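Have a look at upload.txt below; it lists compact mmCIF, C-alpha atoms.
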# COMPACT_ATOMS: atom_id res chain seq x y z
CA MET A 1 -0.29 45.14 -30.61
CA ASN A 2 0.23 41.92 -32.45
CA ALA A 3 -2.82 39.68 -31.84
CA SER A 4 -0.85 36.53 -32.63
CA ASP A 5 1.81 37.30 -30.02
CA PRO A 6 0.81 35.42 -26.83
CA GLU A 7 3.06 37.54 -24.63
CA ALA A 8 1.51 40.72 -25.96
CA ASN A 9 -1.90 39.26 -25.06
CA GLY A 10 -0.80 38.67 -21.47
CA LEU A 11 -0.13 34.96 -21.87
CA LYS A 12 3.14 33.34 -20.82
CA PRO A 13 5.23 31.71 -23.56
CA THR A 14 4.95 27.93 -23.82
CA THR A 15 7.99 27.26 -25.99
CA HIS A 16 10.06 26.14 -22.99
CA ILE A 17 7.65 23.33 -22.10
CA ASP A 18 9.18 19.92 -22.71
CA ARG A 19 6.88 18.37 -25.29
CA LEU A 20 8.26 14.90 -24.70
CA ILE A 21 7.04 15.02 -21.10
CA HIS A 22 3.90 16.99 -21.98
CA GLU A 23 2.30 14.01 -23.76
CA PRO A 24 -0.30 12.66 -21.19
CA GLY A 25 0.83 9.03 -21.33
CA ARG A 26 4.50 9.87 -20.87
CA LEU A 27 3.68 12.42 -18.16
CA MET A 28 1.87 9.68 -16.25
CA ILE A 29 4.83 7.32 -16.61
CA MET A 30 7.26 10.01 -15.44
CA ALA A 31 5.01 10.91 -12.47
CA TYR A 32 4.77 7.29 -11.28
CA LEU A 33 8.48 6.71 -11.66
CA TYR A 34 9.18 9.99 -9.83
CA VAL A 35 7.40 8.86 -6.67
CA VAL A 36 9.14 5.46 -6.46
CA GLU A 37 12.78 4.36 -6.47
CA LYS A 38 12.16 1.83 -9.22
CA ALA A 39 9.34 -0.28 -10.57
CA ASP A 40 8.90 -3.04 -13.09
CA PHE A 41 7.01 -2.94 -16.38
CA VAL A 42 3.93 -4.71 -14.98
CA PHE A 43 3.60 -2.27 -12.08
CA LEU A 44 3.69 0.69 -14.43
CA MET A 45 1.22 -0.97 -16.78
CA ARG A 46 -1.24 -1.51 -13.89
CA GLN A 47 -0.90 2.00 -12.51
CA THR A 48 -1.16 3.82 -15.82
CA GLY A 49 -3.75 1.49 -17.37
CA MET A 50 -1.81 1.41 -20.64
CA THR A 51 -1.50 -1.59 -22.92
CA GLN A 52 1.82 -3.39 -23.08
CA GLY A 53 2.55 -2.08 -26.58
CA ASN A 54 1.64 1.50 -25.75
CA LEU A 55 3.72 1.54 -22.60
CA SER A 56 6.66 -0.04 -24.38
CA SER A 57 6.55 2.60 -27.10
CA HIS A 58 6.46 5.51 -24.61
CA LEU A 59 9.27 4.00 -22.58
CA SER A 60 11.48 3.71 -25.65
CA LYS A 61 11.06 7.44 -26.28
CA LEU A 62 11.77 8.34 -22.67
CA GLU A 63 14.83 6.10 -22.66
CA ALA A 64 16.12 7.67 -25.87
CA ALA A 65 15.77 11.11 -24.25
CA GLY A 66 17.78 9.87 -21.26
CA TYR A 67 14.87 10.31 -18.85
CA VAL A 68 14.34 6.64 -18.02
CA GLU A 69 16.80 3.85 -17.34
CA ILE A 70 15.65 0.39 -18.42
CA GLU A 71 17.26 -2.72 -16.97
CA LYS A 72 16.28 -6.06 -18.48
CA SER A 73 16.87 -9.36 -16.73
CA PHE A 74 15.14 -12.66 -15.99
CA LYS A 75 13.41 -13.80 -12.82
CA GLY A 76 13.34 -17.54 -13.25
CA LYS A 77 12.17 -18.02 -16.81
CA LYS A 78 10.16 -14.81 -16.95
CA PRO A 79 11.53 -11.51 -18.26
CA LEU A 80 11.87 -8.74 -15.70
CA THR A 81 12.10 -5.16 -16.88
CA MET A 82 13.00 -2.72 -14.11
CA LEU A 83 12.57 0.98 -14.74
CA ARG A 84 13.83 4.03 -12.92
CA LEU A 85 13.90 7.73 -13.58
CA THR A 86 17.38 9.11 -14.24
CA ASP A 87 18.60 12.33 -12.61
CA ALA A 88 17.87 14.08 -15.90
CA GLY A 89 14.36 12.63 -15.82
CA ARG A 90 13.74 13.87 -12.27
CA ARG A 91 15.07 17.29 -13.17
CA GLY A 92 12.99 17.29 -16.34
CA LEU A 93 9.76 16.57 -14.50
CA ARG A 94 10.47 19.23 -11.86
CA GLU A 95 11.15 21.81 -14.57
CA TYR A 96 8.05 20.75 -16.46
CA ARG A 97 5.93 21.27 -13.34
CA GLU A 98 7.39 24.71 -12.79
CA SER A 99 6.89 25.69 -16.42
CA MET A 100 3.29 24.55 -16.44
CA SER A 101 2.72 26.37 -13.18
CA GLN A 102 3.99 29.61 -14.65
CA VAL A 103 1.87 29.23 -17.78
CA LEU A 104 -1.32 28.32 -15.92
CA ASP A 105 -0.85 30.94 -13.20
CA GLY A 106 -1.48 33.59 -15.82
CA ILE A 107 -4.94 32.27 -16.64
CA PRO A 108 -7.69 33.95 -14.59
CA ASP A 109 -10.24 31.81 -12.67
CA MET B 1 0.46 25.76 -7.61
CA ALA B 2 2.88 23.18 -8.97
CA SER B 3 1.53 20.59 -6.54
CA ARG B 4 -1.98 21.17 -7.90
CA ILE B 5 -0.85 20.63 -11.47
CA LEU B 6 0.73 17.30 -10.67
CA ASP B 7 -0.13 16.00 -7.21
CA LEU B 8 2.77 13.60 -6.75
CA LYS B 9 1.84 12.79 -3.14
CA GLN B 10 -1.60 11.72 -4.28
CA ILE B 11 -0.07 9.61 -7.07
CA GLU B 12 2.31 7.93 -4.62
CA ARG B 13 -0.52 7.26 -2.15
CA ALA B 14 -2.71 5.76 -4.89
CA ALA B 15 0.14 3.49 -6.02
CA TRP B 16 0.79 2.41 -2.44
CA ARG B 17 -2.87 1.72 -1.68
CA SER B 18 -3.33 -0.28 -4.87
CA TYR B 19 -0.91 -2.78 -3.32
CA HIS B 20 -3.37 -3.31 -0.46
CA SER B 21 -6.44 -3.71 -2.65
CA ASP B 22 -5.85 -7.48 -2.78
CA GLY B 23 -7.73 -8.13 0.50
CA LEU B 24 -4.82 -10.08 2.03
CA TRP B 25 -4.69 -7.91 5.17
CA ASP B 26 -8.42 -8.54 5.69
CA ILE B 27 -7.88 -12.27 5.20
CA PHE B 28 -4.96 -12.25 7.64
CA ILE B 29 -6.91 -10.41 10.36
CA GLY B 30 -9.94 -12.64 9.70
CA LEU B 31 -7.86 -15.81 10.09
CA THR B 32 -6.24 -14.43 13.24
CA LEU B 33 -9.66 -13.78 14.78
CA LEU B 34 -10.89 -17.21 13.73
CA SER B 35 -7.81 -18.80 15.25
CA SER B 36 -8.68 -17.06 18.56
CA TRP B 37 -12.12 -18.63 18.40
CA LEU B 38 -10.84 -22.08 17.44
CA SER B 39 -8.10 -22.18 20.06
CA SER B 40 -10.55 -21.08 22.76
CA LEU B 41 -12.82 -23.98 21.77
CA VAL B 42 -9.93 -26.42 22.13
CA GLY B 43 -8.42 -24.51 25.04
CA SER B 44 -4.90 -24.45 23.63
CA ASP B 45 -2.65 -21.36 23.48
CA LEU B 46 -0.15 -23.34 21.41
CA LEU B 47 -2.78 -23.98 18.73
CA HIS B 48 -3.50 -20.24 18.70
CA LEU B 49 0.18 -19.49 18.09
CA VAL B 50 0.43 -22.13 15.35
CA LEU B 51 -2.68 -20.79 13.60
CA VAL B 52 -1.50 -17.18 13.76
CA VAL B 53 1.85 -18.20 12.22
CA ALA B 54 -0.08 -20.15 9.56
CA SER B 55 -2.14 -17.00 8.85
CA LEU B 56 1.09 -15.08 8.37
CA PHE B 57 2.21 -17.70 5.85
CA VAL B 58 -1.09 -17.35 3.97
CA PHE B 59 -0.49 -13.59 3.83
CA ALA B 60 3.12 -13.92 2.64
CA LEU B 61 2.32 -16.62 0.06
CA GLY B 62 -0.64 -14.60 -1.22
CA LYS B 63 1.57 -11.55 -1.75
CA ARG B 64 4.26 -13.68 -3.43
CA PHE B 65 2.07 -15.73 -5.77
CA LEU B 66 -1.05 -13.64 -6.29
CA THR B 67 -0.29 -9.96 -5.80
CA VAL B 68 3.23 -9.47 -7.15
CA PRO B 69 2.76 -11.36 -10.47
CA ARG B 70 -0.36 -9.26 -11.13
CA MET B 71 0.67 -5.88 -9.74
CA GLY B 72 4.36 -6.04 -10.54
CA LEU B 73 7.39 -5.15 -8.45
CA VAL B 74 8.01 -1.74 -6.97
CA GLU B 75 10.44 -0.15 -4.58
CA PHE B 76 8.87 2.91 -3.00
CA GLY B 77 10.70 6.16 -2.25
CA ALA B 78 12.78 7.15 0.78
CA GLU B 79 9.88 8.85 2.59
CA ARG B 80 7.72 5.73 2.37
CA LYS B 81 10.64 3.53 3.42
CA ALA B 82 11.19 5.70 6.51
CA LYS B 83 7.48 5.43 7.32
CA ASN B 84 7.65 1.64 6.95
CA ARG B 85 10.65 1.48 9.29
CA LYS B 86 8.67 3.42 11.92
CA PHE B 87 5.79 1.01 11.35
CA ALA B 88 8.12 -1.97 11.88
CA ALA B 89 9.39 -0.37 15.11
CA LEU B 90 5.80 0.14 16.27
CA LEU B 91 4.98 -3.50 15.54
CA PHE B 92 8.09 -4.63 17.40
CA PHE B 93 7.02 -2.52 20.40
CA ILE B 94 3.51 -4.00 20.26
CA VAL B 95 4.93 -7.53 20.23
CA LEU B 96 7.17 -6.72 23.23
CA VAL B 97 4.26 -5.26 25.21
CA SER B 98 2.04 -8.22 24.28
CA VAL B 99 4.66 -10.71 25.46
CA ALA B 100 5.15 -8.76 28.69
CA LEU B 101 1.39 -8.65 29.33
CA TYR B 102 1.13 -12.36 28.58
CA ILE B 103 3.85 -13.14 31.12
CA VAL B 104 2.18 -10.90 33.71
CA ALA B 105 -1.18 -12.56 33.10
CA VAL B 106 0.18 -16.12 33.23
CA THR B 107 2.35 -15.64 36.32
CA ASN B 108 -0.29 -13.43 38.02
CA ILE B 109 2.44 -11.19 39.42
CA GLU B 110 1.88 -7.68 40.65
CA VAL B 111 3.41 -4.89 38.54
CA PHE B 112 3.78 -1.50 40.27
CA GLY B 113 0.81 -2.36 42.49
CA TRP B 114 -1.33 -3.40 39.51
CA ARG B 115 -2.59 -6.91 39.01
CA PRO B 116 -4.42 -7.81 35.78
CA GLU B 117 -8.09 -8.50 36.37
CA ARG B 118 -10.91 -9.51 34.08
CA GLY B 119 -13.20 -6.64 34.97
CA SER B 120 -15.14 -4.61 32.43
CA LEU B 121 -12.79 -1.63 32.87
CA THR B 122 -9.81 -3.75 31.85
CA THR B 123 -11.82 -5.05 28.89
CA LEU B 124 -12.68 -1.53 27.79
CA GLY B 125 -9.06 -0.44 28.23
CA MET B 126 -7.73 -3.37 26.21
CA SER B 127 -10.31 -2.74 23.46
CA LEU B 128 -9.18 0.88 23.27
CA VAL B 129 -5.56 -0.25 23.11
CA ILE B 130 -6.47 -2.53 20.19
CA LEU B 131 -8.18 0.39 18.44
CA VAL B 132 -5.19 2.67 19.01
CA ILE B 133 -2.82 0.01 17.66
CA PHE B 134 -4.89 -0.52 14.54
CA GLY B 135 -5.31 3.24 14.18
CA GLY B 136 -1.52 3.56 14.27
CA ILE B 137 -1.15 0.83 11.65
CA ALA B 138 -3.83 2.52 9.49
CA TYR B 139 -1.93 5.80 9.73
CA TRP B 140 1.56 4.46 9.13
CA LEU B 141 0.44 2.20 6.32
CA ASP B 142 -1.78 4.89 4.77
CA PHE B 143 -4.47 2.25 4.84
CA PRO B 144 -7.79 3.51 6.33
CA ARG B 145 -9.53 0.11 6.00
CA MET B 146 -7.24 -1.13 8.77
CA MET B 147 -9.22 1.04 11.19
CA LEU B 148 -12.38 -0.95 10.35
CA LEU B 149 -10.49 -4.18 10.92
CA GLY B 150 -9.32 -2.78 14.26
CA LEU B 151 -12.92 -2.00 15.13
CA ALA B 152 -13.88 -5.61 14.33
CA PHE B 153 -10.97 -6.85 16.45
CA ALA B 154 -11.81 -4.59 19.41
CA ALA B 155 -15.52 -5.45 19.20
CA ALA B 156 -14.72 -9.18 19.13
CA PHE B 157 -12.41 -8.80 22.12
CA ALA B 158 -14.81 -6.67 24.18
CA GLY B 159 -17.79 -8.86 23.19
CA SER B 160 -16.01 -12.06 24.20
CA ARG B 161 -15.27 -10.65 27.68
CA LEU B 162 -18.62 -8.94 28.29
CA LEU B 163 -20.77 -11.78 26.91
CA ASP B 164 -18.37 -14.46 28.10
CA SER B 165 -18.51 -16.09 24.67
CA HIS B 166 -15.84 -16.50 22.02
CA LEU B 167 -18.46 -16.57 19.27
CA THR B 168 -17.74 -12.84 18.80
CA PHE B 169 -14.33 -13.85 17.39
CA LEU B 170 -16.07 -16.23 15.00
CA ALA B 171 -18.46 -13.50 13.86
CA ALA B 172 -15.81 -10.75 13.44
CA GLY B 173 -13.28 -13.17 11.91
CA GLY B 174 -15.86 -14.56 9.50
CA LEU B 175 -16.81 -11.04 8.39
CA ALA B 176 -13.21 -9.94 7.88
CA LEU B 177 -12.28 -13.17 6.08
CA GLY B 178 -15.38 -13.01 3.86
CA TRP B 179 -14.72 -9.38 2.96
CA GLY B 180 -11.07 -10.18 2.25
CA LEU B 181 -12.02 -13.04 -0.06
CA VAL B 182 -14.45 -10.80 -1.96
CA LEU B 183 -11.65 -8.23 -2.40
CA LEU B 184 -9.20 -10.93 -3.47
CA VAL B 185 -11.52 -12.37 -6.12
CA SER B 186 -12.23 -8.88 -7.42
CA PHE B 187 -8.46 -8.11 -7.46
CA VAL B 188 -7.64 -11.29 -9.38
CA LYS B 189 -10.38 -10.53 -11.93
CA ARG B 190 -9.32 -6.88 -12.30
CA TYR B 191 -5.64 -7.72 -12.70
CA PRO B 192 -5.18 -10.89 -14.76
CA LEU B 193 -1.67 -12.26 -15.23
CA PRO B 194 0.18 -10.52 -18.09
CA THR B 195 0.27 -12.63 -21.23
CA GLU B 196 3.51 -14.23 -22.41
CA ALA B 197 3.23 -12.50 -25.79
CA GLY B 198 2.85 -9.16 -24.07
CA ARG B 199 5.80 -9.77 -21.77
CA GLU B 200 8.01 -10.25 -24.79
CA ARG B 201 7.22 -6.66 -25.77
CA GLU B 202 8.61 -5.25 -22.53
Would you mind giving the structure from this file in structure tokens?
Amino acid sequence: MNASDPEANGLKPTTHIDRLIHEPGRLMIMAYLYVVEKADFVFLMRQTGMTQGNLSSHLSKLEAAGYVEIEKSFKGKKPLTMLRLTDAGRRGLREYRESMSQVLDGIPD
Amino acid sequence: MASRILDLKQIERAAWRSYHSDGLWDIFIGLTLLSSWLSSLVGSDLLHLVLVVASLFVFALGKRFLTVPRMGLVEFGAERKAKNRKFAALLFFIVLVSVALYIVAVTNIEVFGWRPERGSLTTLGMSLVILVIFGGIAYWLDFPRMMLLGLAFAAAFAGSRLLDSHLTFLAAGGLALGWGLVLLVSFVKRYPLPTEAGRERE
């Protein structure tokens, strides 16, 4: 038995877990956007407790992956950034949940 | 298992409730109770109506100018929207029943052999109705604090009838308003307005 082989040790493989979603900050963003239709930047900042710069950086990565749709406009003179999860993003989060479930199910209490 | 790894219902509920942490509901109920006390002092139903509408304006303006700029904009999911529609229907029903009861009380007509009286049984019944209504609102809005406000409302109503004094409205309204203001100040401190420099990074 190969000790470095997780499957041989009874552990489920983790290679199929989406690392982009797995990052805690991005996972939080995806989870909040999953439970709403759409939300603006400020709402997400309040709910996640992230700084503006941090949130902006995570959102850019999620947008590049096609998970988040960003729509910029102005409300009066103030910028308004509306965010929504794309279909790919919703699918991605569902698959991530399933994958994590499978991996963690194998760990005894 | 998947729901335990990422409890999306809990996340949605927390996001929804954070919108009510501004104390504006408490302020609205407090002002409504105080308007009952004030209008009973003056003896004017019209004043009561005007003050309740003014309280609604305070609520709406507070949401528009205090809550939204600090908490941001959000459109909740289909399940929550359906729940809100049911809540709106419930409110509409309550308004209809209230208007009907008001007409019955003013005209003193008999409805199916029943004539409204000011006995203690009627008072108890009406207090329970108030509690049930607020319980319904608390459930539909996912907002347990509303049940406490309902309790204050029912106690003020029952107290005013049993003690024959409208000071109970003053006491309950003052408590609700005070609590709402404490929550509002804490909300404003916890969520300052986003800075202009930060907004440019969005």
**OP:** For region 50-59 of chain A, work out the shell of residues within 12 Å, counting all atoms listed in the file and skipping chain neighbours fewer than 4 positions away, then give it as a PyMOL selection string.
**Re:** (chain A and resi 20-21+23-30+33+40-46+63-71+81-85) or (chain B and resi 194-202)
Subject >> Shell around Asp45 (chain B) at 10 Å using only C-alpha atoms, local window under 6 positions removed, as a ChimeraX atom specification >> reply: /B:36,39,51
**OP:** Rounded to one decimal place, report the CA of Ala158 (chain B)-CA of Phe134 (chain B) distance in Å.
**Re:** 15.1 Å
Subject >> Leu183 (chain B) environment, 8 Å, only C-alpha atoms, sequence neighbours closer than 5 positions dropped, as JSON, numbers by chain >> reply: {"B": [21, 22, 23]}
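The residue that comes closest to chain B, out of A:Thr15, A:Gln47, A:Thr86, A:Ser60 and on the basis of all atoms listed in the file, is A:Gln47.
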**OP:** Extract, using only C-alpha atoms, all DNA, RNA and protein residues at most 10 Å from Pro69 (chain B), discarding same-chain residues fewer than 2 positions from it, and format them as a PyMOL selection string.
**Re:** (chain A and resi 42-43) or (chain B and resi 63-67+71-73+191-194)
Original post:
Of the candidates B:Ile94, B:Val74, B:Leu24, B:Leu170, which one gets nearest to chain A if we count only C-alpha atoms?
Top reply: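 Of the candidates, the smallest distance to chain A is held by B:Val74.
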Subject >> Distance criterion (all atoms listed in the file): nearest to Ser35 (chain B) out of B:Leu47, B:Tyr19, B:Ser165, B:Val132 >> reply: B:Leu47
Original post:
Got a sec: who's within 6 Å of Glu37 (chain A), counting all atoms listed in the file, leaving out chain neighbours fewer than 2 positions off, as number ranges by chain?
Top reply: B: 75-77
Next, dump the selected residues to file, keeping only C-alpha atoms, as a PDB file, keeping the file's coordinate frame.
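Result file selection.pdb:
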ATOM      1  CA  GLU B  75      10.440  -0.150  -4.580  1.00  0.00           C
ATOM      2  CA  PHE B  76       8.870   2.910  -3.000  1.00  0.00           C
ATOM      3  CA  GLY B  77      10.700   6.160  -2.250  1.00  0.00           C
TER       4      GLY B  77
END
Subject >> Distance of CA of Gly178 (chain B) from CA of Arg161 (chain B), expressed in Å to one decimal place >> reply: 23.9 Å
Subject >> Among the residues A:Gly76, A:Gly106, A:Thr48, A:Ile17, the one that comes closest to Tyr32 (chain A) [using all atoms listed in the file] >> reply: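 The shortest atom-to-atom distance to Tyr32 (chain A) comes from A:Thr48.
CA of Ala154 (chain B) is positioned 5.8 Å from CA of Ile130 (chain B).
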**OP:** For each of A:Tyr96, A:Val36, A:Asp87, A:Lys78, take the minimum atom-to-atom distance to chain B, counting all atoms listed in the file, then give the residue where this is smallest.
**Re:**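 Selected residue with least distance to chain B: A:Val36.
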Subject >> Top pick for closest residue to chain B, considering A:His16, A:Leu80, A:Ser101, A:Arg94 and counting only C-alpha atoms >> reply: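 Between A:His16, A:Leu80, A:Ser101, A:Arg94, the residue approaching chain B most closely is A:Ser101.
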